[in-house]
Each structure stands twice: as C-alpha cells, then as structure tokens.
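Okay, final.txt is below, compact mmCIF, C-alpha atoms:
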```txt
# COMPACT_ATOMS: atom_id res chain seq x y z
CA MET G 1161 0.00 0.00 0.00
CA THR G 1162 1.11 3.56 -0.65
CA LEU G 1163 1.61 5.96 2.23
CA PHE G 1164 -1.56 7.81 1.19
CA GLN G 1165 -3.62 4.60 1.23
CA LEU G 1166 -2.27 3.72 4.68
CA LEU G 1167 -3.14 7.20 5.89
CA ILE G 1168 -6.71 6.97 4.59
CA VAL G 1169 -7.34 3.52 6.12
CA ALA G 1170 -5.79 4.47 9.45
CA VAL G 1171 -7.61 7.78 9.74
CA ILE G 1172 -10.96 6.21 8.84
CA GLN G 1173 -10.45 3.46 11.41
CA GLY G 1174 -9.13 5.84 14.04
CA ILE G 1175 -11.96 8.35 13.73
CA THR G 1176 -14.87 5.95 13.24
CA GLU G 1177 -13.85 3.38 15.88
CA PHE G 1178 -15.14 5.56 18.70
CA LEU G 1179 -17.67 7.78 16.95
CA PRO G 1180 -21.11 6.09 16.65
CA VAL G 1181 -20.85 5.71 12.87
CA SER G 1182 -19.30 2.20 12.43
CA SER G 1183 -15.62 1.70 11.68
CA SER G 1184 -16.14 -1.76 10.16
CA GLY G 1185 -18.78 -0.41 7.81
CA HIS G 1186 -16.50 2.38 6.59
CA LEU G 1187 -13.54 0.05 6.08
CA ILE G 1188 -15.69 -2.35 4.06
CA LEU G 1189 -17.06 0.54 1.99
CA LEU G 1190 -13.63 2.00 1.24
CA PRO G 1191 -12.52 -0.58 -1.39
CA SER G 1192 -16.11 -1.06 -2.60
CA LEU G 1193 -16.67 2.62 -3.36
CA THR G 1194 -13.17 3.67 -4.40
CA GLY G 1195 -11.91 0.58 -6.21
CA THR G 1196 -8.76 0.44 -4.09
CA PRO G 1197 -7.50 -2.97 -2.92
CA ASP G 1198 -8.51 -4.32 0.47
CA GLN G 1199 -5.99 -3.33 3.12
CA GLY G 1200 -5.53 -6.91 4.37
CA LEU G 1201 -5.57 -8.50 7.81
CA ALA G 1202 -2.14 -7.21 8.87
CA ILE G 1203 -3.23 -3.60 8.45
CA ASP G 1204 -6.54 -4.39 10.19
CA VAL G 1205 -4.58 -5.65 13.20
CA ALA G 1206 -2.31 -2.61 13.12
CA VAL G 1207 -5.09 -0.02 13.10
CA HIS G 1208 -6.84 -1.92 15.90
CA VAL G 1209 -3.65 -1.71 17.95
CA GLY G 1210 -3.45 2.03 17.26
CA THR G 1211 -7.02 2.67 18.41
CA LEU G 1212 -6.51 0.42 21.43
CA LEU G 1213 -3.50 2.45 22.58
CA ALA G 1214 -5.48 5.67 22.10
CA VAL G 1215 -8.41 4.63 24.30
CA ILE G 1216 -6.09 3.20 26.96
CA LEU G 1217 -4.16 6.46 27.09
CA TYR G 1218 -7.30 8.63 27.21
CA PHE G 1219 -8.93 6.58 29.98
CA TRP G 1220 -5.69 5.61 31.69
CA ALA G 1221 -6.96 6.31 35.21
CA ASP G 1222 -9.93 3.95 34.75
CA VAL G 1223 -7.82 1.35 32.93
CA ARG G 1224 -5.31 1.30 35.76
CA ILE G 1225 -8.07 0.87 38.33
CA ALA G 1226 -9.61 -2.00 36.34
CA ALA G 1227 -6.20 -3.64 35.81
CA HIS G 1228 -5.55 -3.61 39.55
CA GLY G 1229 -9.05 -4.97 40.06
CA LEU G 1230 -8.23 -8.00 37.92
CA THR G 1231 -5.80 -9.17 40.57
CA ARG G 1232 -8.61 -9.07 43.13
CA LEU G 1233 -10.90 -10.97 40.77
CA ALA G 1234 -8.20 -13.60 40.32
CA ARG G 1235 -8.52 -14.17 44.06
CA ARG G 1236 -12.32 -14.36 43.69
CA LYS G 1237 -12.80 -11.09 45.54
CA VAL G 1238 -14.97 -8.21 44.37
CA ASP G 1239 -14.18 -5.85 47.21
CA THR G 1240 -12.75 -2.82 45.41
CA GLN G 1241 -13.95 -0.32 42.81
CA GLY G 1242 -11.43 -1.73 40.34
CA ALA G 1243 -12.54 -5.32 40.87
CA PHE G 1244 -16.17 -4.38 40.27
CA LEU G 1245 -15.28 -2.37 37.14
CA ALA G 1246 -13.22 -5.27 35.81
CA LEU G 1247 -16.10 -7.67 36.50
CA CYS G 1248 -18.52 -5.40 34.64
CA LEU G 1249 -16.18 -5.17 31.65
CA ILE G 1250 -15.75 -8.94 31.53
CA THR G 1251 -19.52 -9.41 31.79
CA ALA G 1252 -20.08 -6.95 28.94
CA THR G 1253 -17.46 -8.62 26.73
CA ILE G 1254 -18.46 -12.29 27.00
CA PRO G 1255 -21.59 -12.10 24.77
CA ALA G 1256 -19.72 -10.42 21.88
CA VAL G 1257 -16.85 -12.91 22.10
CA LEU G 1258 -19.20 -15.90 21.98
CA VAL G 1259 -21.39 -14.53 19.19
CA GLY G 1260 -18.36 -13.29 17.26
CA PHE G 1261 -16.78 -16.74 17.40
CA ALA G 1262 -19.99 -18.35 16.19
CA ILE G 1263 -20.26 -15.91 13.28
CA LYS G 1264 -16.64 -16.49 12.27
CA VAL G 1265 -16.78 -20.29 12.26
CA THR G 1266 -20.05 -20.30 10.30
CA GLY G 1267 -18.77 -17.82 7.71
CA LEU G 1268 -21.60 -15.37 8.27
CA ASP G 1269 -19.13 -12.51 8.61
CA GLU G 1270 -18.38 -12.63 4.88
CA ALA G 1271 -22.07 -12.87 3.99
CA MET G 1272 -22.79 -9.61 5.81
CA ARG G 1273 -20.09 -7.57 4.07
CA SER G 1274 -22.37 -5.89 1.54
CA VAL G 1275 -23.28 -2.29 0.75
CA ALA G 1276 -26.99 -3.05 1.21
CA VAL G 1277 -26.47 -4.49 4.70
CA ILE G 1278 -24.36 -1.51 5.74
CA GLY G 1279 -26.94 0.89 4.31
CA TRP G 1280 -29.78 -0.66 6.31
CA THR G 1281 -27.82 -0.88 9.56
CA MET G 1282 -26.55 2.69 9.19
CA LEU G 1283 -30.10 3.94 8.75
CA ILE G 1284 -31.96 1.76 11.27
CA PHE G 1285 -29.51 1.92 14.15
CA GLY G 1286 -28.95 5.62 13.54
CA LEU G 1287 -32.66 6.22 14.11
CA VAL G 1288 -32.61 3.94 17.16
CA LEU G 1289 -29.73 5.99 18.59
CA TYR G 1290 -31.74 9.16 18.03
CA TRP G 1291 -34.78 7.67 19.80
CA ALA G 1292 -32.73 6.51 22.80
CA ASP G 1293 -30.86 9.81 23.05
CA MET G 1294 -34.02 11.90 22.90
CA ARG G 1295 -36.23 9.70 25.08
CA GLY G 1296 -33.73 8.22 27.50
CA PRO G 1297 -33.53 9.79 30.98
CA THR G 1298 -30.24 11.33 32.12
CA VAL G 1299 -30.21 10.33 35.76
CA ARG G 1300 -27.27 7.94 36.03
CA THR G 1301 -23.51 8.41 35.78
CA ALA G 1302 -20.84 5.94 34.69
CA GLU G 1303 -19.90 5.39 38.34
CA ARG G 1304 -23.33 3.80 38.91
CA TRP G 1305 -22.73 1.02 36.35
CA THR G 1306 -24.19 -2.31 37.44
CA ILE G 1307 -23.59 -5.94 36.48
CA LYS G 1308 -27.10 -6.14 35.04
CA ASP G 1309 -26.57 -3.06 32.87
CA ALA G 1310 -23.16 -4.35 31.78
CA ALA G 1311 -24.80 -7.60 30.66
CA LEU G 1312 -27.53 -5.74 28.76
CA MET G 1313 -25.00 -3.46 27.07
CA GLY G 1314 -22.91 -6.53 26.27
CA LEU G 1315 -25.87 -8.17 24.55
CA ALA G 1316 -26.49 -4.98 22.59
CA GLN G 1317 -22.82 -4.96 21.61
CA CYS G 1318 -23.35 -8.25 19.77
CA LEU G 1319 -25.39 -6.36 17.17
CA ALA G 1320 -22.22 -4.46 16.24
CA LEU G 1321 -20.93 -7.65 14.65
CA ILE G 1322 -23.25 -6.73 11.78
CA PRO G 1323 -21.26 -4.23 9.66
CA GLY G 1324 -22.65 -0.72 9.80
CA THR G 1325 -24.25 -1.06 13.23
CA SER G 1326 -21.37 0.59 15.12
CA ARG G 1327 -20.06 -0.88 18.36
CA SER G 1328 -19.86 2.49 20.05
CA GLY G 1329 -23.23 3.52 18.60
CA ILE G 1330 -25.18 0.51 19.82
CA THR G 1331 -23.58 0.49 23.28
CA ILE G 1332 -24.21 4.22 23.69
CA THR G 1333 -27.79 3.60 22.56
CA ALA G 1334 -28.22 0.89 25.18
CA ALA G 1335 -26.67 3.05 27.90
CA ARG G 1336 -28.90 6.02 27.06
CA ALA G 1337 -31.97 3.75 27.08
CA LEU G 1338 -30.91 2.53 30.53
CA GLY G 1339 -30.82 6.11 31.80
CA TYR G 1340 -27.12 7.00 31.69
CA GLU G 1341 -26.32 10.60 30.85
CA ARG G 1342 -24.49 11.22 27.57
CA GLU G 1343 -20.97 11.57 28.91
CA GLY G 1344 -21.35 8.50 31.11
CA ALA G 1345 -22.81 6.49 28.23
CA ALA G 1346 -19.89 7.45 25.99
CA LYS G 1347 -17.35 6.66 28.70
CA LEU G 1348 -18.79 3.20 29.38
CA SER G 1349 -18.88 2.49 25.66
CA MET G 1350 -15.23 3.46 25.29
CA LEU G 1351 -14.14 1.34 28.24
CA MET G 1352 -16.09 -1.60 26.80
CA SER G 1353 -14.13 -1.22 23.57
CA ILE G 1354 -10.82 -2.15 25.23
CA PRO G 1355 -11.42 -5.88 25.85
CA VAL G 1356 -13.35 -6.20 22.59
CA ILE G 1357 -10.54 -4.65 20.54
CA ILE G 1358 -8.04 -6.91 22.30
CA ALA G 1359 -10.18 -9.98 21.55
CA SER G 1360 -10.71 -9.08 17.89
CA GLY G 1361 -7.03 -8.22 17.51
CA VAL G 1362 -6.02 -11.64 18.86
CA VAL G 1363 -8.39 -13.38 16.43
CA LEU G 1364 -7.08 -11.40 13.47
CA SER G 1365 -3.47 -11.96 14.56
CA VAL G 1366 -3.94 -15.73 14.41
CA ASP G 1367 -4.76 -15.43 10.71
CA VAL G 1368 -1.82 -13.08 10.09
CA VAL G 1369 0.90 -15.16 11.79
CA GLY G 1370 3.32 -16.53 9.25
CA GLN G 1371 2.28 -14.13 6.49
CA ALA G 1372 4.12 -11.02 7.65
CA ASN G 1373 7.39 -9.72 6.18
CA TRP G 1374 9.40 -6.57 6.65
CA ALA G 1375 7.35 -4.55 4.14
CA VAL G 1376 4.10 -5.57 5.80
CA LEU G 1377 5.52 -4.85 9.27
CA ARG G 1378 6.65 -1.38 8.14
CA ASP G 1379 3.19 -0.61 6.73
CA ALA G 1380 1.58 -1.93 9.90
CA ILE G 1381 3.68 0.33 12.15
CA ILE G 1382 2.83 3.37 10.03
CA ALA G 1383 -0.88 2.48 9.99
CA ALA G 1384 -0.92 1.94 13.76
CA ALA G 1385 0.70 5.35 14.36
CA PHE G 1386 -1.78 7.15 12.09
CA ALA G 1387 -4.72 5.30 13.67
CA PHE G 1388 -3.50 6.19 17.17
CA ILE G 1389 -3.35 9.91 16.36
CA ALA G 1390 -6.74 9.91 14.61
CA ALA G 1391 -8.42 7.88 17.35
CA LEU G 1392 -7.05 10.04 20.14
CA GLY G 1393 -8.26 13.17 18.36
CA ALA G 1394 -11.71 11.64 17.80
CA LEU G 1395 -11.94 10.64 21.47
CA VAL G 1396 -10.99 14.10 22.72
CA LEU G 1397 -13.48 15.74 20.37
CA MET G 1398 -16.39 13.42 21.12
CA MET G 1399 -15.98 13.45 24.90
CA ARG G 1400 -15.97 17.26 24.81
CA LEU G 1401 -18.96 17.50 22.51
CA VAL G 1402 -21.21 15.11 24.47
CA ARG G 1403 -21.11 17.49 27.42
CA SER G 1404 -22.97 20.14 25.44
CA VAL G 1405 -24.27 18.54 22.23
CA SER G 1406 -26.56 15.54 21.65
CA PHE G 1407 -25.74 12.63 19.35
CA THR G 1408 -28.00 14.09 16.64
CA PRO G 1409 -25.12 15.17 14.31
CA TYR G 1410 -23.95 11.55 14.15
CA VAL G 1411 -27.52 10.40 13.55
CA ILE G 1412 -27.89 12.81 10.63
CA TYR G 1413 -24.64 11.53 9.13
CA ARG G 1414 -25.77 7.92 9.51
CA VAL G 1415 -29.18 8.55 7.97
CA VAL G 1416 -27.79 10.45 4.99
CA LEU G 1417 -25.07 7.84 4.39
CA GLY G 1418 -27.51 4.96 4.89
CA VAL G 1419 -30.04 6.33 2.42
CA GLY G 1420 -27.28 7.04 -0.09
CA LEU G 1421 -25.90 3.51 0.22
CA LEU G 1422 -29.35 1.95 -0.21
CA ILE G 1423 -30.00 3.99 -3.34
CA TRP G 1424 -26.61 2.95 -4.71
CA ALA G 1425 -27.07 -0.71 -3.75
CA TYR G 1426 -30.53 -1.13 -5.25
CA THR G 1427 -30.08 0.91 -8.42
```
Step by step, read the file and then write its structure as structure tokens.
Amino acid sequence: MTLFQLLIVAVIQGITEFLPVSSSGHLILLPSLTGTPDQGLAIDVAVHVGTLLAVILYFWADVRIAAHGLTRLARRKVDTQGAFLALCLITATIPAVLVGFAIKVTGLDEAMRSVAVIGWTMLIFGLVLYWADMRGPTVRTAERWTIKDAALMGLAQCLALIPGTSRSGITITAARALGYEREGAAKLSMLMSIPVIIASGVVLSVDVVGQANWAVLRDAIIAAAFAFIAALGALVLMMRLVRSVSFTPYVIYRVVLGVGLLIWAYT
C-alpha cells in the first residue's frame, strides 16, 4: 500500500472506531466505493492496535483501576472499585466474544459484508440511537454502572458484529436507554471497547501469523501510528462535545449515508 492509502485507512479506522458511525462499515465501503485494494488483515490488526493504545491512554486512570481490580478478581474477591469495574467489563465482553466466534466459524461474517447491509444498519440503528438519546432519561452516571446493565450493554454490543451497526453507537444507545447521561454512556462504551478490541485483535493476529514480512511490518507500524493519532483526536473531540451537544449530528450523518448507500445498492 502507498503511504496515502495507509493514511486513509488508518484515519478512517481511528476516527470511526469511537464515533457512533461504524468503523467496520466504513472500512468495508472504502474498497467497494473507491476501487482500491482491500488493506488486508495485517493492516486491520495494526489499526486496531493504534485505536486500542489511544483509548487506553485517554482513559488511563480507569484502565489502571480496572487492571488492579483484575488481581482481586483472580482471588475471587470483588471488594474494590477496580474489581467491580473489571467484572462489569468482563460481563459486557463475553456475549460479543461468543457470538463473534460463532459468526466467524459459520462464515456469516463474509455474507454480511455488503453495501446493502451496511446501508440498512446505518439507517436503522442511527434512528434507534436518536430515539434513545431523545427519550432516555439522564439520571445515572458511569460510576453507577451495574452488572445487570453491563450484561444488557454486552448483549447490545453483539449487534455491532453486523457491519454498519457501530459498536460504540449501539452500546451508547443501550446506555442512554438505561438512563445513563451522555458523557457517562460514551465513557462506558469506550471502556467496553478495550477488551473487545483486544479480543478481535487476537483473532485477526492468528490469521496473520506466518504471512508477515518486513514490508508488511513497516506498513503496519505506520498504519498503527496514524490510527493512534486519529483515534485520540476523535476521542478528545467526542468526549468534549457530548457534554454540550446531543448525538444528533452523528444520527444525521448515519441517515444520509444509509439512504445514499441503499439507493446505490438497489439501483
């Protein structure tokens, strides 16, 4: 890949991973709409690593608390804030891991990589996000996260395995429907992304092992760096905007893109 192609892929992944507009959908659309070659699994792994580092850095205080809590969980103790946060994150991740594994072994992941599917999911789940954001109460903060809510958000996260749904979008939607205020909903969604990105990165890495060479490694490092910068910028921007602006701008983008994709797919 050329440096420009790496930049485009990395920036798209970095920005859309955390905004509620679907990173997987945009990466699938890129070669379909532009005619450029698919970036390949190695670059997919690299941009995932870049976005992972960005969210860990941005939420470092919470990540450190959860990491310390894992040691308490290993001793079967849930007696600290970190242990409870780690338990919630694990609870929220298990459904997506199980469903994702089932989709991969059955080959359904390839069947869903179509412009029509992405168009419908962009449109439908964009409208669902709007409904939850407008109708959902704003009475709970991220610090009041519960095991039950983590499980419900984890089940909702499974829908993000359908391209175009958006992992951040559907988890924010679920959090808003459960009564979490916008900033808290976004924060929980971002924290939930960490174990999911790690899990997906491990799965992709298994397929990449043995195929890499120096040229691929060089491209991967460049892509990871670009994705890190783009993702960190997107995180900073979104977390600032949710304090004063609703998710409506993202909904408008999703609806316009979804309608455009459906027109293109069916004509």
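We find atom CA of Gly1210 of chain G and atom CA of Ala1311 of chain G to be spaced 27.0 Å apart.
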Residues of segment 1321-1413 of chain G that have any atom at most 12 Å from an atom of segment 1243-1256 of chain G: could you tabulate them with the shortest-distance atom pair and the distance in Å to one decimal, using all atoms listed in the file, ordered by chain and increasing number, as JSON lines?
```
{"residue": "G:Leu1321", "atom": "CA", "partner": "G:Ala1256", "partner_atom": "CA", "distance": 7.8}
{"residue": "G:Ile1322", "atom": "CA", "partner": "G:Ala1256", "partner_atom": "CA", "distance": 11.3}
{"residue": "G:Arg1327", "atom": "CA", "partner": "G:Ala1256", "partner_atom": "CA", "distance": 10.2}
{"residue": "G:Thr1331", "atom": "CA", "partner": "G:Ala1252", "partner_atom": "CA", "distance": 10.0}
{"residue": "G:Ala1334", "atom": "CA", "partner": "G:Ala1252", "partner_atom": "CA", "distance": 11.9}
{"residue": "G:Leu1348", "atom": "CA", "partner": "G:Leu1249", "partner_atom": "CA", "distance": 9.1}
{"residue": "G:Ser1349", "atom": "CA", "partner": "G:Ala1252", "partner_atom": "CA", "distance": 10.1}
{"residue": "G:Met1350", "atom": "CA", "partner": "G:Leu1249", "partner_atom": "CA", "distance": 10.8}
{"residue": "G:Leu1351", "atom": "CA", "partner": "G:Leu1249", "partner_atom": "CA", "distance": 7.6}
{"residue": "G:Met1352", "atom": "CA", "partner": "G:Leu1249", "partner_atom": "CA", "distance": 6.0}
{"residue": "G:Ser1353", "atom": "CA", "partner": "G:Thr1253", "partner_atom": "CA", "distance": 8.7}
{"residue": "G:Ile1354", "atom": "CA", "partner": "G:Leu1249", "partner_atom": "CA", "distance": 8.9}
{"residue": "G:Pro1355", "atom": "CA", "partner": "G:Thr1253", "partner_atom": "CA", "distance": 6.7}
{"residue": "G:Val1356", "atom": "CA", "partner": "G:Thr1253", "partner_atom": "CA", "distance": 6.3}
{"residue": "G:Ile1357", "atom": "CA", "partner": "G:Thr1253", "partner_atom": "CA", "distance": 10.1}
{"residue": "G:Ile1358", "atom": "CA", "partner": "G:Thr1253", "partner_atom": "CA", "distance": 10.5}
{"residue": "G:Ala1359", "atom": "CA", "partner": "G:Thr1253", "partner_atom": "CA", "distance": 9.0}
{"residue": "G:Ser1360", "atom": "CA", "partner": "G:Ala1256", "partner_atom": "CA", "distance": 9.9}
```
>> Taking (-8.4, 6.1, 11.0) as a centre in this file's frame and 8 Å as the limit, can you find every polymer residue with an atom that close, using only C-alpha atoms, and give them as an MDAnalysis selection string?
In response: chainID G and resid 1167:1177 1207 1386:1388 1390:1391
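Atom pair atom CA of Pro1323 of chain G / atom CA of Ser1406 of chain G has a distance of 23.7 Å (rounded to one decimal).
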>> Here is a test: counting all atoms listed in the file, which residue of G:Ile1412, G:Val1299, G:Val1223, G:Met1313 is nearest to Ile1284 of chain G?
In response: G:Ile1412
>> Need to verify the contact set: Gly1279 of chain G, 12 Å, all atoms listed in the file, exclusion of same-chain residues closer than 3 positions in sequence. Can you return it as JSON, numbers by chain?
In response: {"G": [1181, 1182, 1185, 1186, 1188, 1189, 1272, 1273, 1274, 1275, 1276, 1282, 1283, 1284, 1285, 1286, 1322, 1323, 1324, 1325, 1413, 1414, 1415, 1416, 1417, 1418, 1419, 1420, 1421, 1422, 1423, 1424, 1425, 1426]}
>> Residues near Arg1336 of chain G, anyone? I mean within 10 Å using all atoms listed in the file, not counting same-chain ones fewer than 4 positions away, as number ranges by chain.
In response: G: 1289-1300, 1330-1332, 1340-1346
>> Taking 3 positions as the minimum chain separation for residues in the same chain, which residues sit within 9 Å of segment 1398-1404 of chain G when counting only C-alpha atoms? Answer as a PyMOL selection string.
In response: chain G and resi 1178-1179+1342-1343+1346-1347+1393-1395+1407
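Taking atom CA of Thr1306 of chain G as the reference point, atom CA of Ile1263 of chain G is found at 28.0 Å.
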> From the set G:Val1363, G:Leu1397, G:Val1277, G:Ala1316, which residue has the shortest atom-to-atom contact distance to Asp1204 of chain G, counting all atoms listed in the file?
Replying inline: G:Val1363
